[in-house]
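**Q** File name query.txt; file contents compact mmCIF, C-alpha atoms; full text below.
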# COMPACT_ATOMS: atom_id res chain seq x y z
CA MET W 1 69.46 25.35 15.69
CA ASP W 2 66.51 24.29 17.69
CA ILE W 3 64.61 27.26 16.37
CA ASP W 4 65.33 26.26 12.76
CA LYS W 5 64.15 22.73 13.44
CA GLU W 6 61.03 24.04 15.12
CA MET W 7 60.36 26.40 12.20
CA LYS W 8 60.74 23.60 9.64
CA LYS W 9 58.49 21.37 11.72
CA MET W 10 55.83 24.10 11.93
CA GLU W 11 56.08 24.77 8.17
CA GLU W 12 55.61 21.08 7.46
CA GLU W 13 52.59 20.98 9.76
CA ILE W 14 51.11 24.04 8.03
CA LYS W 15 51.71 22.48 4.60
CA PHE W 16 50.14 19.24 5.81
CA GLU W 17 47.09 21.13 7.12
CA LYS W 18 46.78 23.06 3.84
CA ASP W 19 47.00 19.86 1.80
CA LYS W 20 44.45 18.28 4.11
CA LYS W 21 42.07 21.26 3.68
CA ASN W 22 42.55 21.29 -0.09
CA ALA W 23 41.85 17.58 -0.31
CA ALA W 24 38.79 18.00 1.93
CA GLY W 25 37.69 21.07 -0.03
CA LYS W 26 37.90 19.20 -3.33
CA SER W 27 35.89 16.30 -1.98
CA ASN W 28 33.35 18.70 -0.47
CA LYS W 29 33.04 20.50 -3.79
CA ALA W 30 32.47 17.20 -5.55
CA TYR W 31 29.91 16.29 -2.92
CA ALA W 32 28.29 19.73 -3.09
CA SER W 33 27.87 19.44 -6.85
CA LYS W 34 25.77 16.33 -6.27
CA LYS W 35 22.12 17.28 -5.83
CA LYS W 36 20.79 17.01 -2.33
CA SER W 37 17.14 16.07 -2.11
CA ASN W 38 14.77 17.60 0.39
CA PRO W 39 12.29 14.91 1.48
CA LEU W 40 9.84 17.41 2.97
CA LEU W 41 9.74 19.44 -0.23
CA GLU W 42 9.32 16.27 -2.29
CA PHE W 43 6.45 15.19 -0.04
CA VAL W 44 4.65 18.54 -0.26
CA VAL W 45 5.08 18.88 -4.03
CA GLY W 46 4.06 15.23 -4.52
CA PHE W 47 1.00 15.70 -2.31
CA LEU W 48 -0.04 18.82 -4.22
CA LEU W 49 0.48 17.17 -7.61
CA LEU W 50 -1.40 14.03 -6.59
CA GLY W 51 -4.24 15.97 -4.98
CA GLY W 52 -4.55 18.38 -7.90
CA GLY W 53 -4.46 15.57 -10.44
CA ILE W 54 -7.09 13.50 -8.64
CA TYR W 55 -9.30 16.58 -8.23
CA TRP W 56 -9.00 17.36 -11.94
CA VAL W 57 -9.72 13.75 -12.96
CA LEU W 58 -12.78 13.58 -10.71
CA ASN W 59 -14.06 16.89 -12.07
CA SER W 60 -13.84 15.59 -15.62
CA PHE W 61 -16.81 13.25 -15.11
CA VAL W 62 -20.54 13.98 -15.02
CA VAL W 63 -22.54 11.87 -12.59
CA SER W 64 -26.17 11.09 -13.39
CA PHE W 65 -28.70 9.12 -11.46
CA SER W 66 -31.63 7.00 -12.65
CA TRP W 67 -33.67 4.66 -10.51
CA GLY W 68 -34.08 1.05 -11.50
CA SER W 69 -31.43 1.02 -14.17
CA ILE W 70 -30.17 -2.35 -12.89
CA TRP W 71 -33.26 -4.02 -14.35
CA SER W 72 -32.77 -2.47 -17.78
CA SER W 73 -29.34 -4.06 -17.99
CA PHE W 74 -30.97 -7.49 -17.66
CA GLY W 75 -33.19 -6.84 -20.67
CA MET W 76 -36.25 -5.71 -18.73
CA SER W 77 -37.73 -2.37 -19.72
CA ALA W 78 -39.64 -1.69 -16.52
CA SER W 79 -37.90 0.48 -13.98
CA LEU W 80 -37.79 -0.41 -10.32
CA ALA W 81 -40.16 1.58 -8.14
CA THR W 82 -38.30 3.20 -5.26
CA GLY W 83 -40.69 1.78 -2.67
CA LEU W 84 -40.01 -1.83 -3.68
CA MET W 85 -36.50 -1.78 -2.30
CA LEU W 86 -37.83 -0.81 1.14
CA ILE W 87 -40.00 -3.94 1.53
CA PRO W 88 -37.25 -6.27 2.92
CA LEU W 89 -36.13 -3.58 5.37
CA LEU W 90 -39.69 -2.96 6.59
CA ILE W 91 -40.34 -6.72 6.95
CA GLY W 92 -37.13 -7.05 8.98
CA ILE W 93 -38.12 -4.18 11.27
CA GLY W 94 -41.57 -5.76 11.78
CA LEU W 95 -40.00 -9.13 12.56
CA ALA W 96 -37.62 -7.49 15.04
CA PHE W 97 -40.58 -6.28 17.10
CA PHE W 98 -42.57 -9.51 16.64
CA MET W 99 -39.97 -12.22 17.36
CA GLU W 100 -38.13 -12.72 20.63
CA LYS W 101 -34.92 -13.99 19.02
CA LYS W 102 -33.31 -11.19 17.02
CA THR W 103 -31.03 -13.24 14.76
CA PHE W 104 -33.42 -13.80 11.85
CA PRO W 105 -34.84 -10.22 11.89
CA GLY W 106 -31.26 -8.87 11.99
CA ILE W 107 -30.39 -10.87 8.88
CA VAL W 108 -33.51 -9.61 7.09
CA ILE W 109 -32.75 -5.99 8.09
CA ALA W 110 -29.13 -6.34 6.90
CA LEU W 111 -30.38 -7.83 3.62
CA GLY W 112 -32.82 -4.91 3.22
CA ILE W 113 -30.03 -2.38 3.78
CA LEU W 114 -27.80 -4.22 1.28
CA ILE W 115 -30.59 -4.16 -1.31
CA ILE W 116 -31.05 -0.40 -0.82
CA LEU W 117 -27.29 0.24 -1.14
CA ALA W 118 -26.97 -2.01 -4.20
CA THR W 119 -29.89 -0.26 -5.89
CA LEU W 120 -28.45 3.16 -5.15
CA LEU W 121 -24.96 2.26 -6.33
CA THR W 122 -26.11 0.58 -9.53
CA SER W 123 -28.29 3.52 -10.47
CA VAL W 124 -25.38 5.96 -10.58
CA ARG W 125 -23.90 6.58 -14.05
CA PHE W 126 -20.56 8.23 -14.84
CA ARG W 127 -19.89 9.96 -18.16
CA PRO W 128 -16.60 11.61 -19.04
CA ILE W 129 -16.75 15.15 -20.35
CA SER W 130 -15.09 15.89 -23.63
CA ALA W 131 -11.47 16.92 -23.21
CA SER W 132 -8.41 16.91 -25.40
CA LEU W 133 -5.75 14.24 -25.22
CA TRP W 134 -3.35 16.85 -23.86
CA GLN W 135 -5.66 17.51 -20.89
CA TYR W 136 -5.92 13.80 -20.10
CA VAL W 137 -2.14 13.35 -20.36
CA VAL W 138 -1.57 16.28 -18.00
CA MET W 139 -4.26 15.05 -15.57
CA PHE W 140 -2.93 11.52 -15.31
CA GLY W 141 0.66 12.77 -15.51
CA MET W 142 0.05 14.90 -12.43
CA VAL W 143 -1.35 11.89 -10.61
CA ALA W 144 1.61 9.70 -11.62
CA ALA W 145 4.25 12.33 -10.80
CA GLY W 146 2.63 13.12 -7.46
CA ALA W 147 2.39 9.44 -6.53
CA GLY W 148 6.03 8.94 -7.53
CA LEU W 149 7.26 11.87 -5.45
CA LEU W 150 5.18 10.80 -2.47
CA ALA W 151 6.49 7.25 -2.69
CA LYS W 152 10.06 8.50 -3.06
CA SER W 153 9.80 10.79 -0.04
CA LEU W 154 8.06 8.19 2.12
CA PHE W 155 9.95 5.02 1.23
CA LYS W 156 13.46 6.25 0.34
CA LYS W 157 16.15 5.13 2.75
CA SER W 158 17.85 8.10 4.39
CA GLU W 159 21.62 8.20 3.98
Output the file's structure as structure tokens, nothing else.
**A**
Amino acid sequence: MDIDKEMKKMEEEIKFEKDKKNAAGKSNKAYASKKKSNPLLEFVVGFLLLGGGIYWVLNSFVVSFSWGSIWSSFGMSASLATGLMLIPLLIGIGLAFFMEKKTFPGIVIALGILIILATLLTSVRFRPISASLWQYVVMFGMVAAGAGLLAKSLFKKSE
């Protein structure tokens, strides 16, 4: 009789284990059907899409350069001679060697450098090349998709 009781107890334990595995298997299958994201893959694909899109956008512009174009925008037709923008810098360098206190010459030198940079930056012109609407949509779509994937992979809370 003890053997029969032991056998029934073992059968119940086996049934319980099977039911437990089936229940766990069903929940694992339901969990497995849910897509698992790979943050590293999302980051790499996002980085490639963003980089490729930005590269394509930047290659769709032609950059030209013309000296003194800042003055033409103010209604003046004369272009700025390239040597004129060096005068404040040269005066500042001369003052740096002439004066004992270096504050005022430093300000004049910084102003000269700022004038040179402003003249250079304002003389650069950007013109877009002709492209179809489809190309622009794909270019900016790549940038947007890449930025979205990068943001998702970097800022998503891990579960």
**Q** Counting only C-alpha atoms, figure out which residue out of W:Glu42, W:Gln135, W:Tyr55, W:Phe16 gets nearest to Phe155 (chain W).
**A**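 Among the listed residues, the smallest separation from Phe155 (chain W) belongs to W:Glu42.
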**Q** Provide the CA of Ile115 (chain W) to CA of Ser66 (chain W) distance in Å, to one decimal place.
**A**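 A separation of 15.9 Å between them.
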**Q** Using all atoms listed in the file, which of W:Gly53, W:Asp2, W:Lys8, W:Leu41 sits nearest Val138 (chain W)?
**A**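 Among W:Gly53, W:Asp2, W:Lys8, W:Leu41, it is W:Gly53 that comes nearest to Val138 (chain W).
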**Q** Please check which residues have atoms at most 10 Å from (-16.0, 14.9, -17.3) in the file's coordinates, counting all atoms listed in the file, and write them as a PyMOL selection string.
**A** chain W and resi 56-63+126-131
**Q** Those same residues - C-alpha atoms - I'd like them written as a PDB file, in the coordinates of the input.
**A**
ATOM      1  CA  TRP W  56      -9.000  17.360 -11.940  1.00  0.00           C
ATOM      2  CA  VAL W  57      -9.720  13.750 -12.960  1.00  0.00           C
ATOM      3  CA  LEU W  58     -12.780  13.580 -10.710  1.00  0.00           C
ATOM      4  CA  ASN W  59     -14.060  16.890 -12.070  1.00  0.00           C
ATOM      5  CA  SER W  60     -13.840  15.590 -15.620  1.00  0.00           C
ATOM      6  CA  PHE W  61     -16.810  13.250 -15.110  1.00  0.00           C
ATOM      7  CA  VAL W  62     -20.540  13.980 -15.020  1.00  0.00           C
ATOM      8  CA  VAL W  63     -22.540  11.870 -12.590  1.00  0.00           C
ATOM      9  CA  PHE W 126     -20.560   8.230 -14.840  1.00  0.00           C
ATOM     10  CA  ARG W 127     -19.890   9.960 -18.160  1.00  0.00           C
ATOM     11  CA  PRO W 128     -16.600  11.610 -19.040  1.00  0.00           C
ATOM     12  CA  ILE W 129     -16.750  15.150 -20.350  1.00  0.00           C
ATOM     13  CA  SER W 130     -15.090  15.890 -23.630  1.00  0.00           C
ATOM     14  CA  ALA W 131     -11.470  16.920 -23.210  1.00  0.00           C
TER      15      ALA W 131
END
**Q** Mind pulling up the distance from CA of Asn38 (chain W) to CA of Lys157 (chain W)?
**A**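 Between CA of Lys157 (chain W) and CA of Asn38 (chain W) the gap is 12.8 Å.
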**Q** Do a neighbour search on Ala144 (chain W) at 10 Å with all atoms listed in the file, toss out local chain neighbours closer than 6 positions, and write the hits as a PyMOL selection string.
**A** chain W and resi 46+49-50+53-54+138+150
**Q** Rounded to one decimal place, report the CA of Phe97 (chain W)-CA of Ile109 (chain W) distance in Å.
**A**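 Computing the Euclidean distance for CA of Phe97 (chain W) and CA of Ile109 (chain W) yields 11.9 Å.
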**Q** Which residue out of W:Ile14, W:Leu117, W:Leu40, W:Leu84 has the minimum interatomic distance to Lys152 (chain W) when all atoms listed in the file are used?
**A** W:Leu40
**Q** Would you mind telling me which residue in W:Pro105, W:Gly92, W:Pro39, W:Trp134 lies nearest to Ser153 (chain W) when using all atoms listed in the file?
**A**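 Of the candidates, the smallest distance to Ser153 (chain W) is held by W:Pro39.
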**Q** If we count only C-alpha atoms, what is near Ala110 (chain W) at a cut-off of 12 Å, once residues fewer than 2 positions away on the same chain are taken out, given as number ranges by chain?
**A** W: 86, 88-93, 96, 102-108, 112-117
**Q** Restrict the selected residues to C-alpha atoms and save them as a PDB file, in the frame of the given file.
**A**
ATOM      1  CA  LEU W  86     -37.830  -0.810   1.140  1.00  0.00           C
ATOM      2  CA  PRO W  88     -37.250  -6.270   2.920  1.00  0.00           C
ATOM      3  CA  LEU W  89     -36.130  -3.580   5.370  1.00  0.00           C
ATOM      4  CA  LEU W  90     -39.690  -2.960   6.590  1.00  0.00           C
ATOM      5  CA  ILE W  91     -40.340  -6.720   6.950  1.00  0.00           C
ATOM      6  CA  GLY W  92     -37.130  -7.050   8.980  1.00  0.00           C
ATOM      7  CA  ILE W  93     -38.120  -4.180  11.270  1.00  0.00           C
ATOM      8  CA  ALA W  96     -37.620  -7.490  15.040  1.00  0.00           C
ATOM      9  CA  LYS W 102     -33.310 -11.190  17.020  1.00  0.00           C
ATOM     10  CA  THR W 103     -31.030 -13.240  14.760  1.00  0.00           C
ATOM     11  CA  PHE W 104     -33.420 -13.800  11.850  1.00  0.00           C
ATOM     12  CA  PRO W 105     -34.840 -10.220  11.890  1.00  0.00           C
ATOM     13  CA  GLY W 106     -31.260  -8.870  11.990  1.00  0.00           C
ATOM     14  CA  ILE W 107     -30.390 -10.870   8.880  1.00  0.00           C
ATOM     15  CA  VAL W 108     -33.510  -9.610   7.090  1.00  0.00           C
ATOM     16  CA  GLY W 112     -32.820  -4.910   3.220  1.00  0.00           C
ATOM     17  CA  ILE W 113     -30.030  -2.380   3.780  1.00  0.00           C
ATOM     18  CA  LEU W 114     -27.800  -4.220   1.280  1.00  0.00           C
ATOM     19  CA  ILE W 115     -30.590  -4.160  -1.310  1.00  0.00           C
ATOM     20  CA  ILE W 116     -31.050  -0.400  -0.820  1.00  0.00           C
ATOM     21  CA  LEU W 117     -27.290   0.240  -1.140  1.00  0.00           C
TER      22      LEU W 117
END
**Q** Out of W:Asp19, W:Glu6, W:Phe43, W:Lys36, which residue has the shortest atom-to-atom distance to Leu149 (chain W) when counting all atoms listed in the file?
**A**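 With all atoms listed in the file as the atom set, the closest residue is W:Phe43.
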**Q** I need the residue nearest Leu154 (chain W) from this list: W:Val124, W:Ala118, W:Val44, W:Tyr136. Use all atoms listed in the file for the distance.
**A**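 Under the stated criterion, the closest residue is W:Val44.
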